[in-house]
Amino acid sequence: MTTLGARAAGGVAAAAVAVGVAQLVGAAFGPQADVRTAVGSAVIQLTPGPVKEWAIQTFGTADKLVLSVAVLLVIAALAAVAGILEGPRRPLGSAMIVAAGALGCAAVLSRAGATAVDTIPTLVGVVCGIAALRLVISRRLRDREAAEDSPDAGRRRSLVTLGLLAAGAVSGVAGVVITRLASSVSGDRSAFALPRVSQPAAPIPDTVQPKDVALPSFVTSNEDFYRIDTALTVPQLSREAWQLRIHGMVDREVTLRFSDLDRFDPVERVVTLTCVSNPVGGELISNAVWTGYRVADLLAEAGVDAGSDMVLSTSVDGWTAGTPVEALTSGDALLAIGMNGQPLPIEHGYPARLVVPGLYGYVSATKWLVDLELTRFDRAEAYWTKLGWAPRGPIKTESRIDVPRAGQDVPAGPVTFGGVAWAQHRGVRTVEVQIDDGDWQQATLGASYSNDTWRLWSFDWQAAGPGFHKITVRATDNTGYTQTPDRADPVPDGATGWHSITFKVT
Ligand SMILES: Nc1nc2c(c(=O)[nH]1)N[C@H]1C(S)=C(S)[C@@H](COP(=O)(O)O)O[C@H]1N2
Ligand SMILES: [Mo]
């Protein structure tokens with residue numbers, strides 16, 4: 001290894017020690033002291049809205065993994081520079097570690113509920129990182145190398161570097177695992193039995209699912225349900241720790257413990273959630289059977305002031321949504337505690353979240369919900385609205401082709417295509433399909449379950465002759481509105497346009 005390469009590697013090893021030690025020491029302090037999460041959240045917060053949007057659309061559910069990897073790569077690159085710059089008398093690399101540590105502490109302190117004590121793991125990490133850097137770069141080692149002038153000395157230094165790298169990695173992984181195990185609410189969740197509902201959802205007939213075509217299941221399994229949120233580590237909120245405060249423009253402020261929910265009437269609703277970031281043809285839509293309590297009943301306890309028109313809901317990690325009051329007092333909106341017969345999965349909001357039919361998730365579907373403030377649209381602004389998204393987000397009438405897939409080979413002969421269509425709150429009336437530039441033809445619709453759920457469709461076609469073809473789909477809702485062909489970006493209030501797929505008949 002060249003001297004430069006060895007120094008860069010030394011810098012990376014020192015950074016590994018700093019981050020690993022901070023992570024391991026952090027395990028004793030709890031999630032609020034986790035510098036990795038704090039820095040990641042700060043990066044998310046400081047990232048301009050359009051970039052966040054691009055990341056969600058490009059990486060979808062993997063956005064947070066991509067972010068973590070990107071942050072690690074940036075740290076590694078800076079660390080390599082720190083290793084090269086570090087000199088025995090001019091500790092520029094050490095200064096870089098101190099500067100990075102200061103940023104880390106600032107990120108930790110910027111989080112809700114953090115105190116100075118929570119910066120201790122980061123500070124310990126900084127001290128160990130500097131010690132490691134001094135060790136690999138130290139004059140003593142270099143002198144020895146020069147004096148001995150043997151390949152052994154270089155090898156010894158590589159071993160020191162590798163050893164530090166390994167120590168950093170092992171303590172980092174151990175720290176993450178211990179922190180997760182110590183804070184996890186998965187035990188709390190598995191000990192929770194959903195209440196028996198007084199109003200089960202209407203049974204779902206088999207006819208909602210078209211036959212002979214591999215479409216998404218009408219009810220999405222909890223495992224397959226799309227997931228979108230800004231949480232870098234999934235909030236771990238036990239039922240015991242959960243509280244819901246209802247305040248603002250109300251007759252009387254109410255704080256509910258989880259056990260207080262027993263006084264309300266548990267109900268079940270089938271609701272299709274959709275993300276406003278879903279591009280035309282995208283996958284950010286899923287349908288589930290939700291168990292929960294009518295938000296209207298909860299709000300009635302507090303008594304809603306007639307002058308308020310928005311409910312600002314807040315999650316335990318500080319994310320917010322602004323929902324029109326009437327969407328929450330209508331009786332269809334739920335404080336959901338169950339999803340498809342299971343307690344809410346932790347990543348979908350355990351122990352309680354909002355599920356509001358007809359509205360995109362960013363203005364309604366707050367997970368890990370802890371606060372409902374009755375306010376006004378002219379006074380309060382929620383998370384995504386501050387970043388340029390529309391304050392109100394009714395779901396648009398849209399449709400998608402699932403079969404065939406783009407570029408798929410379709411054998412000549414009879415084939416069945418299909419997909420999904422949605423117009424929550426209005427309901428899908430018809431779906432039409434166009435092959436190449438032909439006439440629009442009616443697709444066969446799966447049974448309609450309710451206006452708040454998506455509708456699956458299929459279309460039989462005779463595939464003839466080899467060559468490329470295009471299929472396009474459009475839906476019409478129960479108001480008679482046919483979805484527009486005009487392409488619009490997801491920003492600021494949801495994508496529009498017809499979905500087309502090009503396939504090849506063989
Ligand atoms: N706490 C919290 N709740 C949130 C979000 C979030 O970032 N944080 N994202 C919202 C968005 S944009 C959507 S589309 C839905 C997605 O819900 P799901 O992950 O259960 O599918 O959650 C909403 N609730
Ligand atoms: Mo979303």
# chains A, B, ... in the order shown; residues from 1 in each chain; ligands from 1
call {"tool": "residues_near_ligand", "arguments": {"ligand": "ligand 1", "cutoff": "9 Å", "atoms": "only C-alpha atoms and all ligand atoms", "output": "mmCIF file with all heavy atoms, in the first residue's frame"}}
result
data_model
loop_
_atom_site.group_PDB
_atom_site.id
_atom_site.type_symbol
_atom_site.label_atom_id
_atom_site.label_comp_id
_atom_site.auth_asym_id
_atom_site.auth_seq_id
_atom_site.Cartn_x
_atom_site.Cartn_y
_atom_site.Cartn_z
ATOM 1 N N PHE A 225 -47.631 -4.610 2.383
ATOM 2 C CA PHE A 225 -48.184 -3.260 2.407
ATOM 3 C C PHE A 225 -47.065 -2.245 2.212
ATOM 4 O O PHE A 225 -46.012 -2.341 2.840
ATOM 5 C CB PHE A 225 -48.885 -3.016 3.740
ATOM 6 C CG PHE A 225 -49.980 -1.981 3.672
ATOM 7 C CD1 PHE A 225 -51.305 -2.359 3.525
ATOM 8 C CD2 PHE A 225 -49.674 -0.627 3.745
ATOM 9 C CE1 PHE A 225 -52.317 -1.405 3.458
ATOM 10 C CE2 PHE A 225 -50.670 0.330 3.678
ATOM 11 C CZ PHE A 225 -52.003 -0.062 3.533
ATOM 12 N N TYR A 226 -47.260 -1.267 1.321
ATOM 13 C CA TYR A 226 -46.210 -0.267 1.099
ATOM 14 C C TYR A 226 -45.939 0.464 2.411
ATOM 15 O O TYR A 226 -46.785 0.542 3.282
ATOM 16 C CB TYR A 226 -46.588 0.711 -0.018
ATOM 17 C CG TYR A 226 -47.489 1.873 0.378
ATOM 18 C CD1 TYR A 226 -46.947 3.097 0.772
ATOM 19 C CD2 TYR A 226 -48.868 1.762 0.357
ATOM 20 C CE1 TYR A 226 -47.756 4.169 1.120
ATOM 21 C CE2 TYR A 226 -49.688 2.829 0.711
ATOM 22 C CZ TYR A 226 -49.124 4.022 1.093
ATOM 23 O OH TYR A 226 -49.927 5.076 1.450
ATOM 24 N N ARG A 227 -44.716 0.979 2.536
ATOM 25 C CA ARG A 227 -44.378 1.733 3.742
ATOM 26 C C ARG A 227 -43.678 3.019 3.341
ATOM 27 O O ARG A 227 -42.695 2.994 2.594
ATOM 28 C CB ARG A 227 -43.457 0.925 4.651
ATOM 29 C CG ARG A 227 -42.985 1.745 5.839
ATOM 30 C CD ARG A 227 -41.943 1.067 6.689
ATOM 31 N NE ARG A 227 -41.333 2.105 7.543
ATOM 32 C CZ ARG A 227 -40.146 1.998 8.095
ATOM 33 N NH1 ARG A 227 -39.424 0.925 7.929
ATOM 34 N NH2 ARG A 227 -39.680 2.989 8.829
ATOM 35 N N ILE A 228 -44.169 4.143 3.822
ATOM 36 C CA ILE A 228 -43.510 5.428 3.591
ATOM 37 C C ILE A 228 -43.527 6.219 4.892
ATOM 38 O O ILE A 228 -44.580 6.396 5.503
ATOM 39 C CB ILE A 228 -44.241 6.245 2.493
ATOM 40 C CG1 ILE A 228 -44.016 5.654 1.109
ATOM 41 C CG2 ILE A 228 -43.789 7.708 2.500
ATOM 42 C CD1 ILE A 228 -42.608 5.778 0.563
ATOM 43 N N ASP A 229 -42.374 6.667 5.334
ATOM 44 C CA ASP A 229 -42.308 7.607 6.456
ATOM 45 C C ASP A 229 -40.916 8.190 6.519
ATOM 46 O O ASP A 229 -40.008 7.742 5.818
ATOM 47 C CB ASP A 229 -42.683 6.936 7.788
ATOM 48 C CG ASP A 229 -41.873 5.695 8.035
ATOM 49 O OD1 ASP A 229 -40.640 5.808 8.132
ATOM 50 O OD2 ASP A 229 -42.462 4.597 8.122
ATOM 51 N N THR A 230 -40.763 9.202 7.380
ATOM 52 C CA THR A 230 -39.479 9.883 7.508
ATOM 53 C C THR A 230 -38.657 9.296 8.660
ATOM 54 O O THR A 230 -37.602 9.836 8.993
ATOM 55 C CB THR A 230 -39.697 11.383 7.786
ATOM 56 O OG1 THR A 230 -40.480 11.501 8.973
ATOM 57 C CG2 THR A 230 -40.423 12.059 6.644
ATOM 58 N N ALA A 231 -39.132 8.209 9.276
ATOM 59 C CA ALA A 231 -38.476 7.667 10.468
ATOM 60 C C ALA A 231 -37.272 6.813 10.083
ATOM 61 O O ALA A 231 -37.418 5.804 9.403
ATOM 62 C CB ALA A 231 -39.456 6.838 11.279
ATOM 63 N N PRO A 235 -39.992 4.216 15.358
ATOM 64 C CA PRO A 235 -40.279 4.571 16.752
ATOM 65 C C PRO A 235 -40.809 3.364 17.538
ATOM 66 O O PRO A 235 -41.593 2.577 17.018
ATOM 67 C CB PRO A 235 -41.369 5.645 16.617
ATOM 68 C CG PRO A 235 -41.149 6.245 15.276
ATOM 69 C CD PRO A 235 -40.676 5.113 14.409
ATOM 70 N N LEU A 273 -55.126 2.802 1.360
ATOM 71 C CA LEU A 273 -54.232 3.948 1.569
ATOM 72 C C LEU A 273 -53.434 4.205 0.291
ATOM 73 O O LEU A 273 -53.060 3.269 -0.410
ATOM 74 C CB LEU A 273 -53.221 3.666 2.685
ATOM 75 C CG LEU A 273 -53.664 3.665 4.136
ATOM 76 C CD1 LEU A 273 -52.425 3.684 5.023
ATOM 77 C CD2 LEU A 273 -54.554 4.842 4.438
ATOM 78 N N THR A 274 -53.166 5.483 0.020
ATOM 79 C CA THR A 274 -52.383 5.844 -1.162
ATOM 80 C C THR A 274 -51.424 6.955 -0.793
ATOM 81 O O THR A 274 -51.782 7.859 -0.040
ATOM 82 C CB THR A 274 -53.317 6.333 -2.296
ATOM 83 O OG1 THR A 274 -54.350 5.376 -2.480
ATOM 84 C CG2 THR A 274 -52.560 6.508 -3.605
ATOM 85 N N CYS A 275 -50.216 6.869 -1.337
ATOM 86 C CA CYS A 275 -49.218 7.908 -1.093
ATOM 87 C C CYS A 275 -49.267 8.924 -2.228
ATOM 88 O O CYS A 275 -49.309 8.558 -3.402
ATOM 89 C CB CYS A 275 -47.819 7.299 -1.005
ATOM 90 S SG CYS A 275 -46.553 8.535 -0.639
ATOM 91 N N VAL A 276 -49.217 10.188 -1.877
ATOM 92 C CA VAL A 276 -49.252 11.262 -2.870
ATOM 93 C C VAL A 276 -48.032 11.192 -3.784
ATOM 94 O O VAL A 276 -48.069 11.659 -4.921
ATOM 95 C CB VAL A 276 -49.343 12.632 -2.158
ATOM 96 C CG1 VAL A 276 -48.053 12.956 -1.410
ATOM 97 C CG2 VAL A 276 -49.683 13.745 -3.133
ATOM 98 N N SER A 277 -46.951 10.580 -3.301
ATOM 99 C CA SER A 277 -45.725 10.467 -4.100
ATOM 100 C C SER A 277 -45.806 9.367 -5.140
ATOM 101 O O SER A 277 -44.862 9.184 -5.912
ATOM 102 C CB SER A 277 -44.524 10.188 -3.206
ATOM 103 O OG SER A 277 -44.384 11.202 -2.256
ATOM 104 N N ASN A 278 -46.905 8.623 -5.162
ATOM 105 C CA ASN A 278 -47.021 7.520 -6.107
ATOM 106 C C ASN A 278 -46.999 8.064 -7.538
ATOM 107 O O ASN A 278 -47.881 8.817 -7.916
ATOM 108 C CB ASN A 278 -48.349 6.789 -5.847
ATOM 109 C CG ASN A 278 -48.381 5.427 -6.488
ATOM 110 O OD1 ASN A 278 -47.376 4.713 -6.483
ATOM 111 N ND2 ASN A 278 -49.518 5.067 -7.058
ATOM 112 N N LEU A 284 -47.142 2.639 -4.637
ATOM 113 C CA LEU A 284 -47.358 3.170 -3.280
ATOM 114 C C LEU A 284 -48.853 3.256 -2.962
ATOM 115 O O LEU A 284 -49.393 4.315 -2.642
ATOM 116 C CB LEU A 284 -46.680 4.529 -3.126
ATOM 117 C CG LEU A 284 -45.171 4.523 -3.391
ATOM 118 C CD1 LEU A 284 -44.594 5.925 -3.260
ATOM 119 C CD2 LEU A 284 -44.459 3.551 -2.443
ATOM 120 N N ILE A 285 -49.525 2.124 -3.061
ATOM 121 C CA ILE A 285 -50.946 2.016 -2.740
ATOM 122 C C ILE A 285 -51.189 0.598 -2.245
ATOM 123 O O ILE A 285 -50.625 -0.354 -2.789
ATOM 124 C CB ILE A 285 -51.819 2.353 -3.970
ATOM 125 C CG1 ILE A 285 -53.305 2.122 -3.663
ATOM 126 C CG2 ILE A 285 -51.405 1.563 -5.207
ATOM 127 C CD1 ILE A 285 -54.261 2.734 -4.679
ATOM 128 N N SER A 286 -51.969 0.456 -1.175
ATOM 129 C CA SER A 286 -52.270 -0.867 -0.622
ATOM 130 C C SER A 286 -53.598 -0.783 0.106
ATOM 131 O O SER A 286 -54.075 0.300 0.444
ATOM 132 C CB SER A 286 -51.188 -1.327 0.363
ATOM 133 O OG SER A 286 -49.911 -1.392 -0.241
ATOM 134 N N THR A 314 -49.816 14.765 15.239
ATOM 135 C CA THR A 314 -48.364 14.670 15.408
ATOM 136 C C THR A 314 -47.987 13.268 15.876
ATOM 137 O O THR A 314 -48.683 12.679 16.711
ATOM 138 C CB THR A 314 -47.866 15.702 16.445
ATOM 139 O OG1 THR A 314 -48.363 16.986 16.081
ATOM 140 C CG2 THR A 314 -46.354 15.751 16.510
ATOM 141 N N SER A 315 -46.889 12.762 15.327
ATOM 142 C CA SER A 315 -46.393 11.448 15.734
ATOM 143 C C SER A 315 -45.373 11.616 16.846
ATOM 144 O O SER A 315 -44.882 12.726 17.088
ATOM 145 C CB SER A 315 -45.736 10.761 14.547
ATOM 146 O OG SER A 315 -44.565 11.469 14.200
ATOM 147 N N VAL A 316 -45.022 10.512 17.486
ATOM 148 C CA VAL A 316 -44.065 10.580 18.591
ATOM 149 C C VAL A 316 -42.707 11.080 18.114
ATOM 150 O O VAL A 316 -41.946 11.655 18.884
ATOM 151 C CB VAL A 316 -43.961 9.201 19.291
ATOM 152 C CG1 VAL A 316 -43.212 8.198 18.414
ATOM 153 C CG2 VAL A 316 -43.310 9.323 20.650
ATOM 154 N N ASP A 317 -42.417 10.928 16.797
ATOM 155 C CA ASP A 317 -41.133 11.440 16.301
ATOM 156 C C ASP A 317 -41.278 12.803 15.634
ATOM 157 O O ASP A 317 -40.414 13.223 14.855
ATOM 158 C CB ASP A 317 -40.443 10.419 15.385
ATOM 159 C CG ASP A 317 -41.260 10.075 14.159
ATOM 160 O OD1 ASP A 317 -42.487 10.294 14.173
ATOM 161 O OD2 ASP A 317 -40.668 9.572 13.172
ATOM 162 N N GLY A 318 -42.379 13.490 15.907
ATOM 163 C CA GLY A 318 -42.476 14.888 15.515
ATOM 164 C C GLY A 318 -42.962 15.152 14.098
ATOM 165 O O GLY A 318 -42.976 16.295 13.651
ATOM 166 N N TRP A 319 -43.373 14.124 13.360
ATOM 167 C CA TRP A 319 -43.946 14.316 12.019
ATOM 168 C C TRP A 319 -45.381 14.827 12.172
ATOM 169 O O TRP A 319 -46.043 14.501 13.152
ATOM 170 C CB TRP A 319 -43.924 12.978 11.276
ATOM 171 C CG TRP A 319 -44.342 13.061 9.844
ATOM 172 C CD1 TRP A 319 -43.547 13.361 8.770
ATOM 173 C CD2 TRP A 319 -45.648 12.804 9.304
ATOM 174 N NE1 TRP A 319 -44.287 13.310 7.616
ATOM 175 C CE2 TRP A 319 -45.566 12.973 7.910
ATOM 176 C CE3 TRP A 319 -46.873 12.447 9.881
ATOM 177 C CZ2 TRP A 319 -46.675 12.798 7.077
ATOM 178 C CZ3 TRP A 319 -47.974 12.274 9.047
ATOM 179 C CH2 TRP A 319 -47.875 12.453 7.658
ATOM 180 N N THR A 320 -45.836 15.647 11.221
ATOM 181 C CA THR A 320 -47.197 16.189 11.345
ATOM 182 C C THR A 320 -47.986 16.065 10.047
ATOM 183 O O THR A 320 -47.419 16.025 8.953
ATOM 184 C CB THR A 320 -47.170 17.682 11.724
ATOM 185 O OG1 THR A 320 -46.314 18.368 10.792
ATOM 186 C CG2 THR A 320 -46.664 17.905 13.136
ATOM 187 N N ALA A 321 -49.308 15.985 10.205
ATOM 188 C CA ALA A 321 -50.237 16.011 9.063
ATOM 189 C C ALA A 321 -51.366 16.959 9.410
ATOM 190 O O ALA A 321 -51.763 17.064 10.575
ATOM 191 C CB ALA A 321 -50.791 14.613 8.776
ATOM 192 N N PRO A 345 -48.512 -3.462 12.773
ATOM 193 C CA PRO A 345 -47.071 -3.705 12.738
ATOM 194 C C PRO A 345 -46.345 -2.431 13.205
ATOM 195 O O PRO A 345 -46.836 -1.322 12.989
ATOM 196 C CB PRO A 345 -46.798 -3.980 11.261
ATOM 197 C CG PRO A 345 -48.109 -4.483 10.722
ATOM 198 C CD PRO A 345 -49.159 -3.720 11.481
ATOM 199 N N GLU A 347 -43.794 -0.871 12.169
ATOM 200 C CA GLU A 347 -43.456 0.101 11.110
ATOM 201 C C GLU A 347 -44.690 0.739 10.492
ATOM 202 O O GLU A 347 -44.581 1.707 9.741
ATOM 203 C CB GLU A 347 -42.555 -0.542 10.038
ATOM 204 C CG GLU A 347 -43.143 -1.687 9.269
ATOM 205 C CD GLU A 347 -43.001 -3.030 9.995
ATOM 206 O OE1 GLU A 347 -42.777 -3.044 11.220
ATOM 207 O OE2 GLU A 347 -43.141 -4.061 9.316
ATOM 208 N N HIS A 348 -45.871 0.225 10.802
ATOM 209 C CA HIS A 348 -47.107 0.863 10.322
ATOM 210 C C HIS A 348 -47.811 1.641 11.435
ATOM 211 O O HIS A 348 -48.991 1.954 11.305
ATOM 212 C CB HIS A 348 -48.031 -0.161 9.673
ATOM 213 C CG HIS A 348 -47.492 -0.704 8.369
ATOM 214 N ND1 HIS A 348 -47.393 0.065 7.231
ATOM 215 C CD2 HIS A 348 -46.984 -1.920 8.050
ATOM 216 C CE1 HIS A 348 -46.856 -0.662 6.260
ATOM 217 N NE2 HIS A 348 -46.599 -1.870 6.727
ATOM 218 N N GLY A 349 -47.084 1.898 12.551
ATOM 219 C CA GLY A 349 -47.614 2.864 13.505
ATOM 220 C C GLY A 349 -47.966 2.364 14.888
ATOM 221 O O GLY A 349 -48.608 3.084 15.643
ATOM 222 N N ARG A 353 -52.509 4.665 15.026
ATOM 223 C CA ARG A 353 -52.298 5.588 13.917
ATOM 224 C C ARG A 353 -53.640 6.063 13.385
ATOM 225 O O ARG A 353 -54.681 5.501 13.735
ATOM 226 C CB ARG A 353 -51.564 4.889 12.781
ATOM 227 C CG ARG A 353 -52.482 3.898 12.061
ATOM 228 C CD ARG A 353 -51.914 3.283 10.810
ATOM 229 N NE ARG A 353 -51.539 4.293 9.836
ATOM 230 C CZ ARG A 353 -50.849 4.006 8.732
ATOM 231 N NH1 ARG A 353 -50.482 2.763 8.499
ATOM 232 N NH2 ARG A 353 -50.545 4.951 7.888
ATOM 233 N N LEU A 354 -53.597 7.051 12.508
ATOM 234 C CA LEU A 354 -54.819 7.490 11.832
ATOM 235 C C LEU A 354 -54.960 6.776 10.493
ATOM 236 O O LEU A 354 -53.963 6.538 9.801
ATOM 237 C CB LEU A 354 -54.795 8.999 11.597
ATOM 238 C CG LEU A 354 -54.903 9.896 12.830
ATOM 239 C CD1 LEU A 354 -54.780 11.360 12.424
ATOM 240 C CD2 LEU A 354 -56.230 9.662 13.550
ATOM 241 N N VAL A 355 -56.196 6.438 10.139
ATOM 242 C CA VAL A 355 -56.529 5.934 8.809
ATOM 243 C C VAL A 355 -57.779 6.691 8.363
ATOM 244 O O VAL A 355 -58.830 6.573 8.985
ATOM 245 C CB VAL A 355 -56.799 4.412 8.815
ATOM 246 C CG1 VAL A 355 -57.389 3.959 7.477
ATOM 247 C CG2 VAL A 355 -55.518 3.641 9.119
ATOM 248 N N TYR A 360 -54.815 11.374 0.731
ATOM 249 C CA TYR A 360 -53.461 10.841 0.667
ATOM 250 C C TYR A 360 -52.865 10.778 2.074
ATOM 251 O O TYR A 360 -53.223 11.573 2.955
ATOM 252 C CB TYR A 360 -52.574 11.733 -0.209
ATOM 253 C CG TYR A 360 -52.861 11.626 -1.695
ATOM 254 C CD1 TYR A 360 -53.254 12.736 -2.434
ATOM 255 C CD2 TYR A 360 -52.719 10.410 -2.362
ATOM 256 C CE1 TYR A 360 -53.498 12.641 -3.802
ATOM 257 C CE2 TYR A 360 -52.966 10.311 -3.729
ATOM 258 C CZ TYR A 360 -53.356 11.428 -4.443
ATOM 259 O OH TYR A 360 -53.594 11.335 -5.794
ATOM 260 N N GLY A 361 -51.928 9.842 2.259
ATOM 261 C CA GLY A 361 -51.345 9.613 3.572
ATOM 262 C C GLY A 361 -50.673 10.830 4.192
ATOM 263 O O GLY A 361 -50.707 11.018 5.403
ATOM 264 N N TYR A 362 -50.091 11.701 3.344
ATOM 265 C CA TYR A 362 -49.302 12.817 3.908
ATOM 266 C C TYR A 362 -50.174 13.832 4.623
ATOM 267 O O TYR A 362 -49.661 14.645 5.382
ATOM 268 C CB TYR A 362 -48.458 13.488 2.818
ATOM 269 C CG TYR A 362 -49.178 14.520 1.970
ATOM 270 C CD1 TYR A 362 -48.922 15.880 2.123
ATOM 271 C CD2 TYR A 362 -50.110 14.141 1.015
ATOM 272 C CE1 TYR A 362 -49.581 16.831 1.350
ATOM 273 C CE2 TYR A 362 -50.776 15.082 0.248
ATOM 274 C CZ TYR A 362 -50.507 16.424 0.418
ATOM 275 O OH TYR A 362 -51.173 17.363 -0.343
ATOM 276 N N VAL A 363 -51.486 13.850 4.366
ATOM 277 C CA VAL A 363 -52.371 14.788 5.061
ATOM 278 C C VAL A 363 -53.294 14.071 6.038
ATOM 279 O O VAL A 363 -54.287 14.657 6.486
ATOM 280 C CB VAL A 363 -53.242 15.614 4.081
ATOM 281 C CG1 VAL A 363 -52.393 16.606 3.301
ATOM 282 C CG2 VAL A 363 -54.031 14.706 3.147
ATOM 283 N N SER A 364 -53.004 12.804 6.364
ATOM 284 C CA SER A 364 -54.023 12.105 7.160
ATOM 285 C C SER A 364 -53.540 10.926 7.984
ATOM 286 O O SER A 364 -54.089 10.672 9.049
ATOM 287 C CB SER A 364 -55.125 11.591 6.220
ATOM 288 O OG SER A 364 -54.621 10.566 5.378
ATOM 289 N N ALA A 365 -52.552 10.168 7.501
ATOM 290 C CA ALA A 365 -52.373 8.801 8.006
ATOM 291 C C ALA A 365 -51.295 8.696 9.094
ATOM 292 O O ALA A 365 -50.534 7.726 9.142
ATOM 293 C CB ALA A 365 -52.042 7.869 6.846
ATOM 294 N N THR A 366 -51.222 9.674 9.984
ATOM 295 C CA THR A 366 -50.157 9.747 10.990
ATOM 296 C C THR A 366 -49.985 8.442 11.781
ATOM 297 O O THR A 366 -50.914 7.958 12.414
ATOM 298 C CB THR A 366 -50.425 10.921 11.943
ATOM 299 O OG1 THR A 366 -50.590 12.093 11.152
ATOM 300 C CG2 THR A 366 -49.273 11.109 12.926
ATOM 301 N N LYS A 367 -48.773 7.904 11.716
ATOM 302 C CA LYS A 367 -48.425 6.686 12.455
ATOM 303 C C LYS A 367 -47.803 7.083 13.793
ATOM 304 O O LYS A 367 -47.322 8.194 13.938
ATOM 305 C CB LYS A 367 -47.426 5.854 11.639
ATOM 306 C CG LYS A 367 -47.921 5.587 10.212
ATOM 307 C CD LYS A 367 -47.092 4.542 9.494
ATOM 308 C CE LYS A 367 -45.929 5.146 8.742
ATOM 309 N NZ LYS A 367 -45.265 4.130 7.859
ATOM 310 N N TRP A 368 -47.807 6.185 14.752
ATOM 311 C CA TRP A 368 -47.269 6.465 16.103
ATOM 312 C C TRP A 368 -47.875 7.763 16.638
ATOM 313 O O TRP A 368 -47.185 8.640 17.173
ATOM 314 C CB TRP A 368 -45.736 6.534 16.070
ATOM 315 C CG TRP A 368 -45.117 5.439 15.271
ATOM 316 C CD1 TRP A 368 -45.038 4.128 15.619
ATOM 317 C CD2 TRP A 368 -44.502 5.539 13.974
ATOM 318 N NE1 TRP A 368 -44.424 3.420 14.624
ATOM 319 C CE2 TRP A 368 -44.086 4.248 13.609
ATOM 320 C CE3 TRP A 368 -44.270 6.594 13.083
ATOM 321 C CZ2 TRP A 368 -43.456 3.985 12.397
ATOM 322 C CZ3 TRP A 368 -43.646 6.326 11.873
ATOM 323 C CH2 TRP A 368 -43.243 5.037 11.553
ATOM 324 N N LEU A 369 -49.195 7.883 16.462
ATOM 325 C CA LEU A 369 -49.917 9.129 16.760
ATOM 326 C C LEU A 369 -49.921 9.425 18.258
ATOM 327 O O LEU A 369 -50.239 8.551 19.069
ATOM 328 C CB LEU A 369 -51.361 8.989 16.267
ATOM 329 C CG LEU A 369 -52.281 10.166 16.578
ATOM 330 C CD1 LEU A 369 -51.984 11.320 15.634
ATOM 331 C CD2 LEU A 369 -53.735 9.756 16.485
ATOM 332 N N TYR A 383 -45.948 18.951 8.065
ATOM 333 C CA TYR A 383 -44.608 18.597 7.569
ATOM 334 C C TYR A 383 -44.425 18.807 6.060
ATOM 335 O O TYR A 383 -43.567 19.557 5.627
ATOM 336 C CB TYR A 383 -44.323 17.130 7.939
ATOM 337 C CG TYR A 383 -42.931 16.663 7.606
ATOM 338 C CD1 TYR A 383 -41.908 16.764 8.545
ATOM 339 C CD2 TYR A 383 -42.628 16.119 6.365
ATOM 340 C CE1 TYR A 383 -40.620 16.332 8.245
ATOM 341 C CE2 TYR A 383 -41.353 15.693 6.051
ATOM 342 C CZ TYR A 383 -40.346 15.794 6.994
ATOM 343 O OH TYR A 383 -39.091 15.376 6.696
ATOM 344 N N TRP A 384 -45.233 18.118 5.239
ATOM 345 C CA TRP A 384 -44.995 18.185 3.792
ATOM 346 C C TRP A 384 -45.499 19.480 3.185
ATOM 347 O O TRP A 384 -45.017 19.911 2.130
ATOM 348 C CB TRP A 384 -45.610 16.963 3.085
ATOM 349 C CG TRP A 384 -44.787 15.726 3.305
ATOM 350 C CD1 TRP A 384 -45.089 14.665 4.104
ATOM 351 C CD2 TRP A 384 -43.503 15.434 2.728
ATOM 352 N NE1 TRP A 384 -44.079 13.739 4.073
ATOM 353 C CE2 TRP A 384 -43.100 14.173 3.238
ATOM 354 C CE3 TRP A 384 -42.662 16.102 1.844
ATOM 355 C CZ2 TRP A 384 -41.884 13.584 2.889
ATOM 356 C CZ3 TRP A 384 -41.460 15.505 1.492
ATOM 357 C CH2 TRP A 384 -41.078 14.264 2.009
#
call {"tool": "residues_around", "arguments": {"residues": "range 292-309 of chain A", "least_positions_apart": "4", "cutoff": "6 Å", "atoms": "only C-alpha atoms", "output": "list in words"}}
result
Met249, Val250, Asp251, Arg252, Glu253, Val254, Pro266, Val267, Pro324, Val325, Leu328, Thr329, Gly331, Ala333, Leu334, Leu335, Ala336, Ile337, Thr375 and Arg376 of chain A
call {"tool": "residues_around", "arguments": {"residues": "Pro414 in chain A", "least_positions_apart": "6", "cutoff": "7 Å", "atoms": "only C-alpha atoms", "output": "MDAnalysis selection string"}}
result
chainID A and resid 461:463
call {"tool": "select_by_dssp", "arguments": {"residues": "range 329-468 of chain A", "states": "helix (DSSP H, G or I)", "output": "PyMOL selection string"}}
result
chain A and resi 329+346-348+361-363+383-386
call {"tool": "closest_residue", "arguments": {"among": "A:Pro279, A:Pro343, A:Gly413, A:Gly40", "to": "ligand 2", "atoms": "only C-alpha atoms and all ligand atoms"}}
result
A:Pro279
call {"tool": "residues_around", "arguments": {"residues": "Gln243 in chain A", "least_positions_apart": "5", "cutoff": "10 Å", "atoms": "only C-alpha atoms", "output": "list of chain:residue names"}}
result
A:Leu237, A:Ser238, A:Thr255, A:Leu256, A:Arg257, A:Phe258, A:Ser259, A:Asp260, A:Val316, A:Ala352, A:Leu369, A:Val370, A:Asp371
call {"tool": "residues_around", "arguments": {"residues": "range 17-23 of chain A", "least_positions_apart": "5", "cutoff": "7 Å", "atoms": "only C-alpha atoms", "output": "list in words"}}
result
Asp34, Pro121, Thr122, Val124, Gly125, Val126, Cys128, Gly129, Leu164, Leu165, Ala167, Gly168, Ala169, Ser171, Gly172, Gly175 and Val176 of chain A
call {"tool": "decode", "arguments": {"residues": "range 291-295 of chain A", "atoms": "C-alpha atoms", "output": "compact mmCIF listing (two decimals), in the first residue's frame"}}
result
# COMPACT_ATOMS: atom_id res chain seq x y z
CA THR A 291 -59.49 -2.27 13.43
CA GLY A 292 -59.85 0.81 15.57
CA TYR A 293 -61.99 3.52 17.06
CA ARG A 294 -63.92 6.26 15.27
CA VAL A 295 -61.88 9.44 15.55
